[in-house]
$ cat upload.cif   # mmCIF, C-alpha atoms and all ligand atoms
data_coords
loop_
_atom_site.label_atom_id
_atom_site.label_comp_id
_atom_site.auth_asym_id
_atom_site.auth_seq_id
_atom_site.Cartn_x
_atom_site.Cartn_y
_atom_site.Cartn_z
CA MET A 1 -30.56 -24.35 6.13
CA LYS A 2 -29.31 -23.38 2.70
CA ILE A 3 -30.40 -20.90 0.03
CA ASP A 4 -28.40 -21.37 -3.17
CA GLY A 5 -25.71 -23.21 -1.25
CA LYS A 6 -25.37 -20.51 1.42
CA SER A 7 -26.28 -21.39 5.02
CA MET A 8 -28.86 -18.96 6.37
CA ARG A 9 -31.07 -18.34 9.31
CA THR A 10 -34.36 -16.45 9.08
CA ILE A 11 -33.30 -13.67 11.46
CA TRP A 12 -29.93 -12.17 12.41
CA VAL A 13 -28.27 -8.96 13.59
CA ALA A 14 -26.68 -6.84 10.85
CA GLU A 15 -23.02 -5.84 10.83
CA ASP A 16 -23.78 -2.56 12.62
CA GLY A 17 -24.65 -4.68 15.70
CA ARG A 18 -28.03 -2.97 16.05
CA THR A 19 -30.29 -3.43 13.01
CA VAL A 20 -32.13 -6.73 12.83
CA GLU A 21 -32.51 -8.41 9.43
CA VAL A 22 -35.12 -10.95 8.39
CA ILE A 23 -36.01 -12.83 5.23
CA ASP A 24 -39.12 -11.10 3.82
CA GLN A 25 -41.54 -14.02 3.52
CA THR A 26 -44.22 -11.92 1.81
CA ARG A 27 -42.00 -11.87 -1.29
CA LEU A 28 -41.34 -15.60 -1.45
CA PRO A 29 -41.34 -17.65 -3.60
CA PHE A 30 -41.24 -15.01 -6.33
CA GLU A 31 -38.21 -13.12 -5.07
CA PHE A 32 -35.77 -13.45 -2.19
CA GLY A 33 -35.41 -10.27 -0.15
CA VAL A 34 -34.14 -9.18 3.23
CA LEU A 35 -35.96 -6.58 5.34
CA GLN A 36 -34.23 -4.41 7.91
CA LEU A 37 -35.93 -3.82 11.26
CA ARG A 38 -34.71 -0.67 13.00
CA SER A 39 -37.29 -0.16 15.75
CA VAL A 40 -39.77 -2.06 17.88
CA GLU A 41 -42.49 -0.73 15.59
CA ASP A 42 -40.71 -2.24 12.56
CA ALA A 43 -40.60 -5.60 14.38
CA ALA A 44 -44.29 -5.39 15.37
CA VAL A 45 -45.38 -4.51 11.85
CA ALA A 46 -43.22 -7.32 10.40
CA ILE A 47 -45.08 -9.80 12.61
CA GLU A 48 -48.51 -8.31 11.82
CA ARG A 49 -47.89 -8.24 8.06
CA MET A 50 -46.45 -11.77 8.19
CA VAL A 51 -43.10 -10.70 6.79
CA VAL A 52 -42.07 -13.15 9.49
CA ARG A 53 -44.49 -15.83 10.63
CA GLY A 54 -44.54 -19.27 12.19
CA ALA A 55 -44.77 -19.58 15.95
CA PRO A 56 -41.04 -19.87 16.82
CA LEU A 57 -39.95 -17.11 14.43
CA ILE A 58 -42.67 -14.79 15.74
CA GLY A 59 -41.19 -15.33 19.23
CA ALA A 60 -37.63 -14.72 18.02
CA THR A 61 -38.66 -11.53 16.19
CA ALA A 62 -40.49 -10.25 19.25
CA ALA A 63 -37.37 -10.87 21.35
CA TYR A 64 -35.32 -8.75 18.93
CA GLY A 65 -38.15 -6.20 18.88
CA VAL A 66 -37.61 -5.73 22.61
CA ALA A 67 -33.86 -5.40 21.96
CA LEU A 68 -34.49 -2.68 19.35
CA ALA A 69 -36.68 -0.83 21.85
CA MET A 70 -33.94 -1.04 24.49
CA ALA A 71 -31.37 0.30 22.02
CA ASP A 72 -33.62 3.35 21.56
CA ASP A 73 -34.65 3.94 25.16
CA PRO A 74 -33.77 1.47 27.91
CA SER A 75 -36.16 2.92 30.49
CA THR A 76 -38.50 0.68 32.44
CA GLY A 77 -41.47 2.51 30.93
CA ASN A 78 -40.26 1.83 27.40
CA LEU A 79 -39.65 -1.85 28.23
CA ALA A 80 -43.28 -2.16 29.32
CA ALA A 81 -44.55 -0.25 26.27
CA ALA A 82 -42.48 -2.37 23.86
CA CYS A 83 -43.72 -5.62 25.40
CA GLU A 84 -47.31 -4.42 25.21
CA ARG A 85 -46.98 -3.40 21.55
CA LEU A 86 -45.45 -6.74 20.58
CA ILE A 87 -47.82 -8.97 22.55
CA GLY A 88 -50.78 -7.55 20.61
CA THR A 89 -49.38 -8.38 17.16
CA ARG A 90 -50.77 -11.91 16.73
CA PRO A 91 -53.00 -13.71 19.23
CA THR A 92 -52.64 -17.45 18.62
CA ALA A 93 -48.96 -18.46 18.69
CA VAL A 94 -48.00 -18.68 22.35
CA ASN A 95 -44.26 -18.50 21.63
CA LEU A 96 -44.79 -14.76 21.31
CA ARG A 97 -45.80 -14.42 24.95
CA TRP A 98 -43.13 -16.91 25.99
CA ALA A 99 -40.34 -14.92 24.32
CA ILE A 100 -41.60 -11.55 25.57
CA ASP A 101 -41.94 -12.87 29.14
CA ARG A 102 -38.38 -14.14 28.99
CA MET A 103 -37.07 -10.82 27.76
CA ARG A 104 -39.09 -8.86 30.30
CA MET A 105 -37.95 -11.03 33.22
CA HIS A 106 -34.31 -10.89 32.19
CA LEU A 107 -34.24 -7.15 31.54
CA GLY A 108 -36.24 -6.39 34.67
CA ASN A 109 -33.19 -7.57 36.61
CA CYS A 110 -30.80 -5.28 34.69
CA SER A 111 -30.16 -1.58 35.21
CA PRO A 112 -31.22 0.68 32.29
CA GLU A 113 -27.49 1.14 31.42
CA GLU A 114 -27.09 -2.63 30.99
CA ARG A 115 -30.33 -3.25 29.11
CA GLY A 116 -29.34 -2.55 25.50
CA LYS A 117 -26.48 -5.06 25.47
CA ALA A 118 -28.32 -7.57 27.65
CA ALA A 119 -31.39 -7.50 25.41
CA TYR A 120 -29.45 -8.36 22.24
CA ALA A 121 -27.60 -11.12 24.07
CA ARG A 122 -30.84 -12.62 25.42
CA ALA A 123 -32.59 -12.43 22.05
CA GLY A 124 -29.58 -14.14 20.47
CA GLU A 125 -29.80 -16.90 23.09
CA ILE A 126 -33.51 -17.39 22.35
CA CYS A 127 -32.64 -17.82 18.66
CA ASN A 128 -29.82 -20.26 19.36
CA GLU A 129 -32.04 -22.21 21.70
CA ASP A 130 -34.68 -22.47 18.96
CA VAL A 131 -32.10 -23.94 16.58
CA GLU A 132 -30.98 -26.50 19.19
CA ILE A 133 -34.55 -27.45 20.05
CA ASN A 134 -35.51 -27.94 16.42
CA ALA A 135 -32.44 -30.07 15.75
CA SER A 136 -33.47 -32.28 18.69
CA ILE A 137 -37.02 -32.51 17.31
CA GLY A 138 -35.46 -33.67 14.04
CA ARG A 139 -33.38 -36.37 15.73
CA ASN A 140 -36.38 -37.57 17.74
CA GLY A 141 -38.74 -37.63 14.76
CA LEU A 142 -36.21 -39.31 12.50
CA GLY A 143 -36.87 -42.66 14.22
CA ILE A 144 -40.53 -42.56 13.10
CA ILE A 145 -39.53 -42.03 9.46
CA ARG A 146 -36.83 -44.71 9.62
CA GLY A 147 -39.34 -47.15 11.13
CA ILE A 148 -41.78 -46.62 8.25
CA ALA A 149 -38.96 -46.76 5.69
CA ALA A 150 -37.92 -50.16 7.02
CA GLU A 151 -41.40 -51.52 6.25
CA LYS A 152 -41.49 -50.17 2.69
CA ALA A 153 -40.39 -51.96 -0.45
CA GLN A 154 -36.79 -51.25 -1.44
CA GLY A 155 -36.49 -47.87 -3.16
CA GLU A 156 -39.99 -46.69 -2.19
CA PRO A 157 -40.01 -43.29 -0.45
CA VAL A 158 -41.81 -42.58 2.81
CA ASN A 159 -44.69 -40.31 1.82
CA ILE A 160 -45.18 -37.56 4.38
CA LEU A 161 -48.02 -35.03 4.24
CA THR A 162 -47.55 -31.63 5.87
CA HIS A 163 -49.76 -28.57 6.21
CA CYS A 164 -48.83 -24.89 6.14
CA ASN A 165 -45.16 -24.09 6.68
CA ALA A 166 -43.64 -25.58 9.78
CA GLY A 167 -40.28 -25.52 8.04
CA TRP A 168 -37.11 -23.60 8.71
CA LEU A 169 -38.77 -20.40 7.45
CA ALA A 170 -41.23 -20.68 10.37
CA THR A 171 -38.39 -20.98 12.88
CA VAL A 172 -34.85 -19.67 13.20
CA ASP A 173 -33.52 -22.82 11.51
CA TRP A 174 -34.41 -26.48 10.78
CA GLY A 175 -38.17 -26.08 11.24
CA THR A 176 -40.29 -28.31 13.42
CA ALA A 177 -42.33 -30.63 11.17
CA THR A 178 -39.65 -30.49 8.49
CA SER A 179 -36.70 -31.11 10.79
CA PRO A 180 -37.08 -34.95 10.82
CA VAL A 181 -37.73 -34.79 7.06
CA TYR A 182 -34.49 -32.90 6.37
CA MET A 183 -32.56 -35.27 8.60
CA ALA A 184 -34.04 -38.33 6.88
CA HIS A 185 -33.26 -36.88 3.45
CA ASP A 186 -29.73 -35.89 4.46
CA GLU A 187 -28.91 -39.40 5.73
CA GLY A 188 -30.24 -41.01 2.53
CA THR A 189 -33.61 -42.31 3.74
CA LYS A 190 -35.94 -41.76 0.79
CA VAL A 191 -38.75 -39.33 1.51
CA HIS A 192 -41.39 -37.55 -0.53
CA VAL A 193 -43.49 -34.73 0.92
CA TRP A 194 -47.09 -33.94 -0.01
CA VAL A 195 -47.29 -30.19 0.54
CA ASP A 196 -50.77 -28.79 1.26
CA GLU A 197 -51.01 -25.45 -0.54
CA THR A 198 -52.64 -24.02 2.62
CA ARG A 199 -55.20 -21.44 1.59
CA PRO A 200 -55.69 -18.58 2.04
CA ARG A 201 -52.07 -17.40 2.33
CA ASN A 202 -50.56 -20.45 0.64
CA GLN A 203 -47.70 -20.97 3.07
CA GLY A 204 -47.36 -24.54 1.79
CA ALA A 205 -47.22 -23.68 -1.92
CA SER A 206 -45.11 -20.56 -1.39
CA LEU A 207 -42.83 -21.40 1.52
CA THR A 208 -42.70 -25.14 2.25
CA ALA A 209 -42.30 -25.98 -1.43
CA TYR A 210 -39.65 -23.25 -1.75
CA GLU A 211 -37.52 -24.49 1.11
CA LEU A 212 -37.90 -28.21 0.32
CA GLY A 213 -37.00 -27.46 -3.30
CA HIS A 214 -33.91 -25.48 -2.32
CA HIS A 215 -32.78 -28.35 -0.11
CA GLY A 216 -33.46 -30.95 -2.82
CA VAL A 217 -36.22 -32.82 -0.97
CA PRO A 218 -38.69 -34.50 -3.39
CA HIS A 219 -42.15 -32.99 -2.90
CA THR A 220 -45.48 -32.35 -4.61
CA VAL A 221 -47.82 -29.43 -3.92
CA ILE A 222 -51.48 -30.44 -3.60
CA PRO A 223 -54.69 -28.45 -3.18
CA ASP A 224 -55.83 -28.50 0.43
CA ASN A 225 -58.69 -30.90 -0.22
CA THR A 226 -56.55 -33.66 -1.72
CA GLY A 227 -55.09 -35.26 1.42
CA GLY A 228 -58.13 -37.42 2.25
CA HIS A 229 -58.18 -38.92 -1.22
CA LEU A 230 -54.45 -39.69 -1.09
CA MET A 231 -54.86 -41.35 2.30
CA GLN A 232 -57.71 -43.56 1.04
CA HIS A 233 -55.40 -44.79 -1.70
CA GLY A 234 -52.44 -45.60 0.55
CA LYS A 235 -50.35 -42.70 -0.74
CA VAL A 236 -49.67 -41.10 2.65
CA ASP A 237 -47.57 -43.00 5.21
CA LEU A 238 -47.40 -40.29 7.80
CA VAL A 239 -48.66 -36.78 8.54
CA ILE A 240 -46.41 -34.33 10.41
CA THR A 241 -47.58 -30.79 11.12
CA GLY A 242 -46.41 -27.98 13.36
CA THR A 243 -48.44 -26.11 15.94
CA ASP A 244 -48.88 -22.56 17.18
CA ARG A 245 -50.15 -23.52 20.60
CA THR A 246 -50.60 -26.89 22.30
CA THR A 247 -52.56 -27.22 25.53
CA ALA A 248 -51.27 -29.04 28.60
CA SER A 249 -53.68 -31.84 27.67
CA GLY A 250 -52.31 -32.22 24.11
CA ASP A 251 -54.91 -30.38 22.01
CA VAL A 252 -53.09 -28.84 19.07
CA CYS A 253 -53.85 -25.49 17.46
CA ASN A 254 -52.36 -25.07 14.00
CA LYS A 255 -53.08 -23.47 10.63
CA ILE A 256 -56.71 -23.70 9.50
CA GLY A 257 -57.35 -27.06 7.85
CA THR A 258 -55.10 -29.11 10.10
CA TYR A 259 -58.12 -30.55 11.95
CA LEU A 260 -59.61 -31.90 8.72
CA LYS A 261 -56.33 -33.64 7.90
CA ALA A 262 -56.30 -35.22 11.34
CA LEU A 263 -59.87 -36.52 10.85
CA ALA A 264 -58.95 -38.00 7.48
CA ALA A 265 -55.79 -39.55 8.94
CA LYS A 266 -57.78 -41.15 11.79
CA ASP A 267 -60.33 -42.58 9.36
CA ASN A 268 -57.57 -44.09 7.24
CA GLY A 269 -55.25 -45.35 9.98
CA VAL A 270 -52.48 -42.92 8.96
CA PRO A 271 -50.24 -41.80 11.86
CA PHE A 272 -50.72 -38.09 12.60
CA TYR A 273 -47.81 -36.52 14.47
CA VAL A 274 -47.30 -32.94 15.58
CA ALA A 275 -43.77 -31.55 15.98
CA LEU A 276 -43.34 -28.82 18.57
CA PRO A 277 -40.78 -27.00 20.63
CA SER A 278 -41.78 -26.87 24.30
CA PRO A 279 -42.24 -23.04 24.23
CA THR A 280 -45.32 -23.81 22.08
CA ILE A 281 -46.99 -25.62 24.99
CA ASP A 282 -49.39 -23.43 26.95
CA PHE A 283 -49.38 -25.07 30.36
CA THR A 284 -52.23 -22.80 31.52
CA LEU A 285 -54.79 -24.24 29.07
CA PHE A 286 -56.52 -27.65 28.97
CA ASP A 287 -59.34 -27.30 26.45
CA GLY A 288 -57.98 -26.11 23.12
CA VAL A 289 -61.31 -25.67 21.31
CA ALA A 290 -62.80 -23.57 24.09
CA GLU A 291 -59.74 -21.68 25.27
CA ILE A 292 -57.27 -20.95 22.47
CA PRO A 293 -57.89 -17.56 20.81
CA ILE A 294 -58.25 -18.04 17.06
CA GLU A 295 -56.93 -15.18 14.97
CA GLN A 296 -59.27 -13.83 12.30
CA ARG A 297 -57.45 -12.01 9.53
CA SER A 298 -58.47 -9.70 6.72
CA GLY A 299 -60.97 -11.03 4.20
CA ASP A 300 -58.65 -9.77 1.46
CA GLU A 301 -56.43 -12.79 2.11
CA VAL A 302 -59.33 -15.00 0.98
CA ALA A 303 -60.71 -12.79 -1.76
CA LYS A 304 -57.39 -12.01 -3.47
CA MET A 305 -54.50 -14.09 -4.75
CA THR A 306 -51.01 -12.99 -5.67
CA GLY A 307 -48.82 -14.69 -8.20
CA VAL A 308 -46.26 -14.16 -10.90
CA SER A 309 -47.62 -13.63 -14.39
CA GLU A 310 -46.19 -14.86 -17.70
CA ASP A 311 -44.23 -11.61 -18.15
CA GLY A 312 -42.58 -12.06 -14.73
CA SER A 313 -44.49 -9.31 -12.96
CA ILE A 314 -46.10 -10.00 -9.60
CA GLN A 315 -49.85 -9.42 -9.72
CA THR A 316 -52.73 -9.61 -7.29
CA VAL A 317 -56.18 -10.57 -8.57
CA ASN A 318 -59.66 -10.93 -7.06
CA ILE A 319 -61.06 -14.46 -7.04
CA VAL A 320 -64.35 -14.05 -5.16
CA SER A 321 -67.63 -12.90 -6.63
CA LYS A 322 -67.90 -9.16 -6.05
CA GLY A 323 -69.84 -8.31 -2.90
CA SER A 324 -69.78 -11.82 -1.37
CA PRO A 325 -68.74 -11.75 2.27
CA VAL A 326 -65.70 -13.86 3.23
CA ALA A 327 -64.43 -15.28 6.54
CA ASN A 328 -60.79 -15.82 7.38
CA TYR A 329 -60.18 -17.95 10.47
CA ALA A 330 -56.41 -18.47 10.55
CA PHE A 331 -56.19 -21.51 12.85
CA ASP A 332 -58.15 -24.50 14.09
CA VAL A 333 -57.77 -26.94 16.96
CA THR A 334 -57.16 -30.66 16.58
CA PRO A 335 -58.26 -32.50 19.72
CA ALA A 336 -55.62 -34.68 21.37
CA ARG A 337 -57.58 -37.87 20.62
CA LEU A 338 -56.76 -37.45 16.91
CA VAL A 339 -53.02 -36.97 17.45
CA SER A 340 -50.79 -40.08 17.35
CA GLY A 341 -47.97 -38.38 19.22
CA LEU A 342 -46.11 -35.14 19.93
CA ILE A 343 -42.52 -34.90 18.71
CA THR A 344 -40.65 -32.55 21.06
CA GLU A 345 -37.04 -31.73 21.87
CA ALA A 346 -37.33 -33.94 24.96
CA GLY A 347 -38.67 -36.97 23.10
CA ILE A 348 -41.94 -38.25 21.67
CA CYS A 349 -44.99 -38.47 23.90
CA GLU A 350 -48.66 -39.26 23.83
CA ALA A 351 -50.83 -36.19 23.21
CA SER A 352 -52.21 -36.17 26.74
CA GLN A 353 -51.65 -34.41 30.03
CA ALA A 354 -49.78 -37.46 31.36
CA GLY A 355 -47.62 -37.69 28.23
CA ILE A 356 -46.63 -34.03 28.30
CA ALA A 357 -46.11 -34.03 32.07
CA ALA A 358 -43.76 -37.02 31.81
CA LEU A 359 -41.53 -35.14 29.33
CA PHE A 360 -41.70 -31.76 31.07
CA PRO A 361 -42.24 -32.49 34.78
CA ASP A 362 -40.86 -29.14 35.96
CA ARG A 363 -43.15 -27.03 33.75
CA GLN A 364 -46.52 -28.07 35.17
O1 LIG B 401 -50.09 -17.96 10.16
P1 LIG B 401 -48.72 -18.58 10.21
O2 LIG B 401 -48.07 -18.71 8.88
O3 LIG B 401 -47.85 -17.91 11.24
O4 LIG B 401 -49.02 -20.04 10.73
C1 LIG B 401 -47.93 -20.92 10.91
C2 LIG B 401 -48.34 -22.28 11.25
O5 LIG B 401 -49.50 -22.60 11.40
C3 LIG B 401 -47.25 -23.25 11.48
O6 LIG B 401 -47.64 -24.53 11.09
C4 LIG B 401 -46.94 -23.23 12.97
O7 LIG B 401 -46.59 -21.94 13.36
C5 LIG B 401 -45.88 -24.12 13.35
S1 LIG B 401 -44.37 -23.41 12.88
C6 LIG B 401 -43.08 -24.28 13.32
#

$ encode --input "upload.cif" --output "structure tokens" --more "lines below"
Ligand code: MRU
Amino acid sequence: MKIDGKSMRTIWVAEDGRTVEVIDQTRLPFEFGVLQLRSVEDAAVAIERMVVRGAPLIGATAAYGVALAMADDPSTGNLAAACERLIGTRPTAVNLRWAIDRMRMHLGNCSPEERGKAAYARAGEICNEDVEINASIGRNGLGIIRGIAAEKAQGEPVNILTHCNAGWLATVDWGTATSPVYMAHDEGTKVHVWVDETRPRNQGASLTAYELGHHGVPHTVIPDNTGGHLMQHGKVDLVITGTDRTTASGDVCNKIGTYLKALAAKDNGVPFYVALPSPTIDFTLFDGVAEIPIEQRSGDEVAKMTGVSEDGSIQTVNIVSKGSPVANYAFDVTPARLVSGLITEAGICEASQAGIAALFPDRQ
């Protein structure tokens, strides 16, 4: 997608052919900066600190993390150590394991002499594949938006609510939930996006609003608790979110608060779709609430907020009464029964074991 008219991805290899560069998402929307990753440790810390985040981009960064490790020391022992370091960075998004497994399998078949080059090539393929997949998700989801647009009065936009950032910043390009939105906007179908701010880290207010704004998509940022009210008043036509892990039975784990949006959507008859690349499906799990590990992050993310002050300086302030304990569950699980459909690269399916199996018969 574009930043100030320039096409960009979220991750790429620098001109030296070795260093990996990423957009530093901890600095957005206040300033745009690029961070250089020079070692597997740099890549692991970038994932942990959420310099890069979003399930597909976490996977892509881990793949390049393995490549950086192989550039340093292509031994079998170092391959195992790099994979172990990276797999422990964030527990919920399954794309991380998927990407590392792919790298490990591929490099396991190469001699140590071949590994450096092969690792960069494989990581590059994983990134390109992510872009292709997300473009397909966009084409498949576009039909849903067009269908709603056809029912609306002339000139009225399709109002889409989204949670967190499942946009191009969460992927290598296009995004998942935003991909159909960008395609609708680009073809001239009128859309307007309600952007949940997404406490505590505000990925909606900071990142989704930033990227929609830079692409010219009409949008409005709302506090997280507003969606139900908007749905009761007919102001939301459709909800599309992303996911960090989806079970083989269609339960969807996504940023904390997604479940409450799905409940409100069900109560108000608003279609609730989840957009996902197939590497986000965990075919080993069937009960999302019981089985998906939910990351708990530092309480500081809840107790403190960062913003830009009147004088342009970036400041962090405390917002919680001193001494009060805080909890920071990063994700929740929306049961399949609340999901209208899954938008994947292979098509749209029911959120059920049968629906997923029909689209991905060879992955069961
Ligand atoms: O904690 P984050 O910012 O990594 O969480 C990201 C999300 O929950 C996204 O909605 C999800 O990864 C889907 S991204 C295409």

$ residues_near_ligand --input "upload.cif" --ligand "ligand LIG 401 (chain B)" --cutoff "9 Å" --atoms "all atoms listed in the file" --output "PyMOL selection string"
chain A and resi 47+50+52-58+90+92-93+134+162-171+175-178+201-203+241-245+253-256+258+275-277+280+295+330-331

$ write_last_selection --input "upload.cif" --atoms "C-alpha atoms" --output "short mmCIF file (atom, residue, chain, number, x, y, z; two decimals), keeping the file's coordinate frame"
data_model
loop_
_atom_site.label_atom_id
_atom_site.label_comp_id
_atom_site.auth_asym_id
_atom_site.auth_seq_id
_atom_site.Cartn_x
_atom_site.Cartn_y
_atom_site.Cartn_z
CA ILE A 47 -45.08 -9.80 12.61
CA MET A 50 -46.45 -11.77 8.19
CA VAL A 52 -42.07 -13.15 9.49
CA ARG A 53 -44.49 -15.83 10.63
CA GLY A 54 -44.54 -19.27 12.19
CA ALA A 55 -44.77 -19.58 15.95
CA PRO A 56 -41.04 -19.87 16.82
CA LEU A 57 -39.95 -17.11 14.43
CA ILE A 58 -42.67 -14.79 15.74
CA ARG A 90 -50.77 -11.91 16.73
CA THR A 92 -52.64 -17.45 18.62
CA ALA A 93 -48.96 -18.46 18.69
CA ASN A 134 -35.51 -27.94 16.42
CA THR A 162 -47.55 -31.63 5.87
CA HIS A 163 -49.76 -28.57 6.21
CA CYS A 164 -48.83 -24.89 6.14
CA ASN A 165 -45.16 -24.09 6.68
CA ALA A 166 -43.64 -25.58 9.78
CA GLY A 167 -40.28 -25.52 8.04
CA TRP A 168 -37.11 -23.60 8.71
CA LEU A 169 -38.77 -20.40 7.45
CA ALA A 170 -41.23 -20.68 10.37
CA THR A 171 -38.39 -20.98 12.88
CA GLY A 175 -38.17 -26.08 11.24
CA THR A 176 -40.29 -28.31 13.42
CA ALA A 177 -42.33 -30.63 11.17
CA THR A 178 -39.65 -30.49 8.49
CA ARG A 201 -52.07 -17.40 2.33
CA ASN A 202 -50.56 -20.45 0.64
CA GLN A 203 -47.70 -20.97 3.07
CA THR A 241 -47.58 -30.79 11.12
CA GLY A 242 -46.41 -27.98 13.36
CA THR A 243 -48.44 -26.11 15.94
CA ASP A 244 -48.88 -22.56 17.18
CA ARG A 245 -50.15 -23.52 20.60
CA CYS A 253 -53.85 -25.49 17.46
CA ASN A 254 -52.36 -25.07 14.00
CA LYS A 255 -53.08 -23.47 10.63
CA ILE A 256 -56.71 -23.70 9.50
CA THR A 258 -55.10 -29.11 10.10
CA ALA A 275 -43.77 -31.55 15.98
CA LEU A 276 -43.34 -28.82 18.57
CA PRO A 277 -40.78 -27.00 20.63
CA THR A 280 -45.32 -23.81 22.08
CA GLU A 295 -56.93 -15.18 14.97
CA ALA A 330 -56.41 -18.47 10.55
CA PHE A 331 -56.19 -21.51 12.85
#

$ residues_near_point --input "upload.cif" --point "(-35.4, -32.4, 1.4)" --cutoff "6 Å" --atoms "only C-alpha atoms" --output "ChimeraX atom specification"
/A:182,185,212,215-217

$ residues_near_point --input "upload.cif" --point "(-30.6, 2.7, 18.6)" --cutoff "10 Å" --atoms "all atoms listed in the file" --output "list in words"
Gly17, Arg18, Thr19, Arg38, Ser39, Ala67, Leu68, Ala69, Met70, Ala71, Asp72, Asp73, Pro74 and Gly116 of chain A

$ closest_residue --input "upload.cif" --among "A:Val34, A:Ile144, A:Leu263, A:Glu21" --to "A:Ile348" --atoms "only C-alpha atoms"
A:Ile144

$ axis_aligned_box --input "upload.cif" --around "stretch 313-316 of chain A" --padding-each-side "4 Å" --output "JSON"
{"center_x": -48.6, "center_y": -9.7, "center_z": -10.1, "size_x": 16.2, "size_y": 8.7, "size_z": 13.7}

$ residues_around --input "upload.cif" --residues "A:Ile87" --least-positions-apart "2" --cutoff "10 Å" --atoms "only C-alpha atoms" --output "MDAnalysis selection string"
chainID A and resid 44 59 62 82:85 89:91 94 96:101

$ atom_distance --input "upload.cif" --atom1 "atom CA of A:Val51" --atom2 "atom CA of A:Ile23"
7.6 Å

$ closest_residue --input "upload.cif" --among "A:Asp16, A:Asp173, A:Glu151, A:Glu211" --to "A:Asp130" --atoms "only C-alpha atoms"
A:Asp173

$ build_atoms --input "upload.cif" --residues "stretch 219-230 of chain A" --atoms "N, CA, C and O atoms" --output "PDB file, keeping the file's coordinate frame"
ATOM      1  N   HIS A 219     -40.869 -33.427  -3.482  1.00  0.00           N
ATOM      2  CA  HIS A 219     -42.150 -32.990  -2.900  1.00  0.00           C
ATOM      3  C   HIS A 219     -43.140 -32.709  -4.024  1.00  0.00           C
ATOM      4  O   HIS A 219     -42.733 -32.504  -5.178  1.00  0.00           O
ATOM      5  N   THR A 220     -44.415 -32.673  -3.657  1.00  0.00           N
ATOM      6  CA  THR A 220     -45.480 -32.350  -4.610  1.00  0.00           C
ATOM      7  C   THR A 220     -46.480 -31.459  -3.893  1.00  0.00           C
ATOM      8  O   THR A 220     -46.934 -31.799  -2.795  1.00  0.00           O
ATOM      9  N   VAL A 221     -46.821 -30.334  -4.512  1.00  0.00           N
ATOM     10  CA  VAL A 221     -47.820 -29.430  -3.920  1.00  0.00           C
ATOM     11  C   VAL A 221     -49.213 -29.930  -4.317  1.00  0.00           C
ATOM     12  O   VAL A 221     -49.454 -30.269  -5.474  1.00  0.00           O
ATOM     13  N   ILE A 222     -50.108 -29.980  -3.329  1.00  0.00           N
ATOM     14  CA  ILE A 222     -51.480 -30.440  -3.600  1.00  0.00           C
ATOM     15  C   ILE A 222     -52.483 -29.409  -3.076  1.00  0.00           C
ATOM     16  O   ILE A 222     -52.215 -28.746  -2.077  1.00  0.00           O
ATOM     17  N   PRO A 223     -53.631 -29.291  -3.751  1.00  0.00           N
ATOM     18  CA  PRO A 223     -54.690 -28.450  -3.180  1.00  0.00           C
ATOM     19  C   PRO A 223     -55.071 -28.991  -1.798  1.00  0.00           C
ATOM     20  O   PRO A 223     -54.963 -30.196  -1.542  1.00  0.00           O
ATOM     21  N   ASP A 224     -55.560 -28.109  -0.953  1.00  0.00           N
ATOM     22  CA  ASP A 224     -55.830 -28.500   0.430  1.00  0.00           C
ATOM     23  C   ASP A 224     -56.785 -29.682   0.571  1.00  0.00           C
ATOM     24  O   ASP A 224     -56.739 -30.394   1.558  1.00  0.00           O
ATOM     25  N   ASN A 225     -57.664 -29.860  -0.377  1.00  0.00           N
ATOM     26  CA  ASN A 225     -58.690 -30.900  -0.220  1.00  0.00           C
ATOM     27  C   ASN A 225     -58.252 -32.280  -0.702  1.00  0.00           C
ATOM     28  O   ASN A 225     -59.051 -33.201  -0.727  1.00  0.00           O
ATOM     29  N   THR A 226     -57.007 -32.427  -1.072  1.00  0.00           N
ATOM     30  CA  THR A 226     -56.550 -33.660  -1.720  1.00  0.00           C
ATOM     31  C   THR A 226     -56.113 -34.743  -0.725  1.00  0.00           C
ATOM     32  O   THR A 226     -56.137 -35.934  -1.029  1.00  0.00           O
ATOM     33  N   GLY A 227     -55.703 -34.327   0.470  1.00  0.00           N
ATOM     34  CA  GLY A 227     -55.090 -35.260   1.420  1.00  0.00           C
ATOM     35  C   GLY A 227     -55.940 -36.487   1.716  1.00  0.00           C
ATOM     36  O   GLY A 227     -55.433 -37.619   1.749  1.00  0.00           O
ATOM     37  N   GLY A 228     -57.255 -36.283   1.922  1.00  0.00           N
ATOM     38  CA  GLY A 228     -58.130 -37.420   2.250  1.00  0.00           C
ATOM     39  C   GLY A 228     -58.121 -38.460   1.145  1.00  0.00           C
ATOM     40  O   GLY A 228     -58.029 -39.669   1.401  1.00  0.00           O
ATOM     41  N   HIS A 229     -58.194 -38.009  -0.072  1.00  0.00           N
ATOM     42  CA  HIS A 229     -58.180 -38.920  -1.220  1.00  0.00           C
ATOM     43  C   HIS A 229     -56.863 -39.712  -1.265  1.00  0.00           C
ATOM     44  O   HIS A 229     -56.857 -40.923  -1.444  1.00  0.00           O
ATOM     45  N   LEU A 230     -55.759 -39.018  -1.065  1.00  0.00           N
ATOM     46  CA  LEU A 230     -54.450 -39.690  -1.090  1.00  0.00           C
ATOM     47  C   LEU A 230     -54.361 -40.737   0.017  1.00  0.00           C
ATOM     48  O   LEU A 230     -53.825 -41.829  -0.180  1.00  0.00           O
TER      49      LEU A 230
END
